[in-house]
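Structure record follows, encoded as C-alpha cells.
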Amino acid sequence: MSLVRLLARRVVFGLILVFVVSSGAALLTRVSPGAIIADLVASGASRETIEHERARYGLDRPLLEQYVSWLSHAARLDFGESLMFSRPVGQLVRQSAVNTALLGLTALALATLAGIPLGIVSGSRRRGALTSSIRAASLLCLSLPPLVTSLVFVFVAARTGWFPIGGMTSIEGAQADWVPWLRDVAWHLPVPALALALPLAAMLERLQSQATGETLDQPYMLATIARGVPRSRLVWRDSFKASLRPVASIYGLIVGGLLSGSFVVEIVTSWPGLGRLMFDALRSRDLYLVAGCATAGSIFLAAGGLLSDVALALTDPRMRAGERS
C-alpha cells in the first residue's frame, strides 16, 4: 500500500473516530438529566421559566430530533451555546484546546529530549552504574501516575517558591502585553509540564533502550563494528536511525496518554485547558459543552494517529519505497 493511500485511510478513520466519539457524548449527555434544569427546579422557579429554558436549549424535543439538530449544526462547526457559561461552545473549546496543546506539546518536547537520549545510553550500555541509574529512574517515573507527579511538583513549588503552584498566568500577566504575557506563561508552565513529561520520558526511554539494544545486535551492525567504525558513530547515528521506527509507531498512543494525563494535571494545577473544561462540563452536565470537549479530544487522538503514520513513514524507508513503486 502506498504512503498516500495509507494516510488517506488514516484520515478517513480519524473522521469516523471524531463522529463516533462526539455523537456518543452528545447522546449520553442528553439521556442524563440536565443539572441546569434541575437547579431551576430546586430553586423554586416557575413552570413557565423551566419550560422556557427547556425550549431555549431544545430539551423539550424528542431525543432523535435533538441529535439530528445537533449533528447538522456540528457539521458547520456550530456546537451550540454552553448552559453553564452562556457562551458559544466553539469559542470555549478552542481557547481551552490551545492551552492544552501548549501544555501537551511542551511536555512531549521535554519527554522526547530526555527520554530518547537516555534510552540510547541505556540501550547501548548493557551494564554499569549509569545504565542502572537510568533504568531505576525510569521504573520510578513509570510507577508514578500523573496525579502523584503533579501533587509532588505542586508541593515542591509551594515550599520553594520557585514556580507558581497553579494557573496559567497571574492576574497582572493576564492583562499585560504579549511579551510580558509570554514570560508569565513560561513561568507557570514548568510545574504542569514536568508532571506530565516525567512518565512519558520514562516510557520513551524504555522503548528507545529496547530498540537500540535490538538494533545493535543485528548482524549488519556487528559487521560494521568489525570494519572499524567508531562505536560512538555507530550508536548515535547508524543505530539511532534504525531504532526510531518502534518509537515513531507509538507516538499516537503517546498523544492519547497526554490527553488522559493532562485531564488530571490540569485539575490539580488549575491549568485552564480542555481537561479542566471537560471536568466542569461533566460536573454541571452541560450537554453541549461535554459534546464539544469530546469532539476536540477525539480530534487530538485522530491527529496523534496521523502523526504516528507520518513519523513512521519518515523513519521507515520501506514505506517510501512503496510510495515510489
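Residues are named by chain letter and number: chains run A, B, ... in the order of the C-alpha cells, numbers start at 1 in each chain, and ligands are numbered from 1 in the order shown.
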* **Long-range neighbours of stretch 15-23 of chain A as an MDAnalysis selection string, 7 Å cut-off, only C-alpha atoms, 2 positions minimum in chain** => chainID A and resid 11:13 25:27 291 294:295 298:299
Emit the selected residues as a PDB file, in the first residue's frame, including C-alpha atoms.
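What ended up in part.pdb:
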```pdb
ATOM      1  CA  VAL A  11      -7.746  10.440   7.674  1.00  0.00           C
ATOM      2  CA  VAL A  12     -10.989   8.580   6.965  1.00  0.00           C
ATOM      3  CA  PHE A  13     -10.602   6.516  10.152  1.00  0.00           C
ATOM      4  CA  ALA A  25     -21.032  12.110  24.059  1.00  0.00           C
ATOM      5  CA  ALA A  26     -23.951  14.114  22.694  1.00  0.00           C
ATOM      6  CA  LEU A  27     -26.407  11.225  23.095  1.00  0.00           C
ATOM      7  CA  ALA A 291     -20.045  17.098  23.365  1.00  0.00           C
ATOM      8  CA  ALA A 294     -15.319  15.225  23.454  1.00  0.00           C
ATOM      9  CA  THR A 295     -15.136  16.292  19.815  1.00  0.00           C
ATOM     10  CA  SER A 298     -11.205  12.936  19.508  1.00  0.00           C
ATOM     11  CA  ILE A 299      -9.615  15.351  17.026  1.00  0.00           C
TER      12      ILE A 299
END
```
* **d(atom CA of A:Leu92, atom CA of A:Leu289) in Å** =>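 Straight-line distance from atom CA of A:Leu92 to atom CA of A:Leu289 works out to 8.4 Å.
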Dump as JSON lines the rows for residues of stretch 145-223 of chain A within 12 Å of stretch 97-106 of chain A: closest atom pair and distance in Å with one decimal, only C-alpha atoms counted, ordered by chain and rising residue number.
```
{"residue": "A:Gly167", "atom": "CA", "partner": "A:Asn99", "partner_atom": "CA", "distance": 11.1}
{"residue": "A:Met168", "atom": "CA", "partner": "A:Asn99", "partner_atom": "CA", "distance": 8.6}
{"residue": "A:Thr169", "atom": "CA", "partner": "A:Asn99", "partner_atom": "CA", "distance": 11.4}
{"residue": "A:Leu182", "atom": "CA", "partner": "A:Leu102", "partner_atom": "CA", "distance": 11.8}
{"residue": "A:Val185", "atom": "CA", "partner": "A:Leu102", "partner_atom": "CA", "distance": 10.1}
{"residue": "A:Ala186", "atom": "CA", "partner": "A:Thr106", "partner_atom": "CA", "distance": 10.3}
{"residue": "A:His188", "atom": "CA", "partner": "A:Leu103", "partner_atom": "CA", "distance": 10.5}
{"residue": "A:Leu189", "atom": "CA", "partner": "A:Leu103", "partner_atom": "CA", "distance": 7.2}
{"residue": "A:Pro190", "atom": "CA", "partner": "A:Thr106", "partner_atom": "CA", "distance": 9.0}
{"residue": "A:Val191", "atom": "CA", "partner": "A:Leu103", "partner_atom": "CA", "distance": 10.2}
{"residue": "A:Pro192", "atom": "CA", "partner": "A:Leu103", "partner_atom": "CA", "distance": 7.4}
{"residue": "A:Ala193", "atom": "CA", "partner": "A:Leu103", "partner_atom": "CA", "distance": 5.9}
{"residue": "A:Leu194", "atom": "CA", "partner": "A:Thr106", "partner_atom": "CA", "distance": 8.9}
{"residue": "A:Ala195", "atom": "CA", "partner": "A:Leu103", "partner_atom": "CA", "distance": 10.5}
{"residue": "A:Leu196", "atom": "CA", "partner": "A:Gly104", "partner_atom": "CA", "distance": 7.9}
{"residue": "A:Ala197", "atom": "CA", "partner": "A:Thr106", "partner_atom": "CA", "distance": 8.3}
{"residue": "A:Leu198", "atom": "CA", "partner": "A:Thr106", "partner_atom": "CA", "distance": 11.9}
{"residue": "A:Leu200", "atom": "CA", "partner": "A:Gly104", "partner_atom": "CA", "distance": 10.8}
```
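We find atom CA of A:Leu274 and atom CA of A:Val255 to be spaced 14.0 Å apart.
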* **Residue nearest A:Gly292 - candidates A:Ala111, A:Val152, A:Ile250, A:Ala75, atoms counted: only C-alpha atoms** =>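 Smallest distance to A:Gly292 is found for A:Ala75.
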* Asked: Pick the closest to A:Trp236 from A:Leu64, A:Arg183, A:Phe300, A:Gly119: which is it, counting only C-alpha atoms?
  ->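 Of A:Leu64, A:Arg183, A:Phe300, A:Gly119, the one nearest A:Trp236 is A:Gly119, counting only C-alpha atoms.
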* **From A:Phe163, A:Arg233, A:Tyr288, A:Ala303, residue lying nearest A:Phe79 [only C-alpha atoms]** =>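 Between A:Phe163, A:Arg233, A:Tyr288, A:Ala303, the residue approaching A:Phe79 most closely is A:Tyr288.
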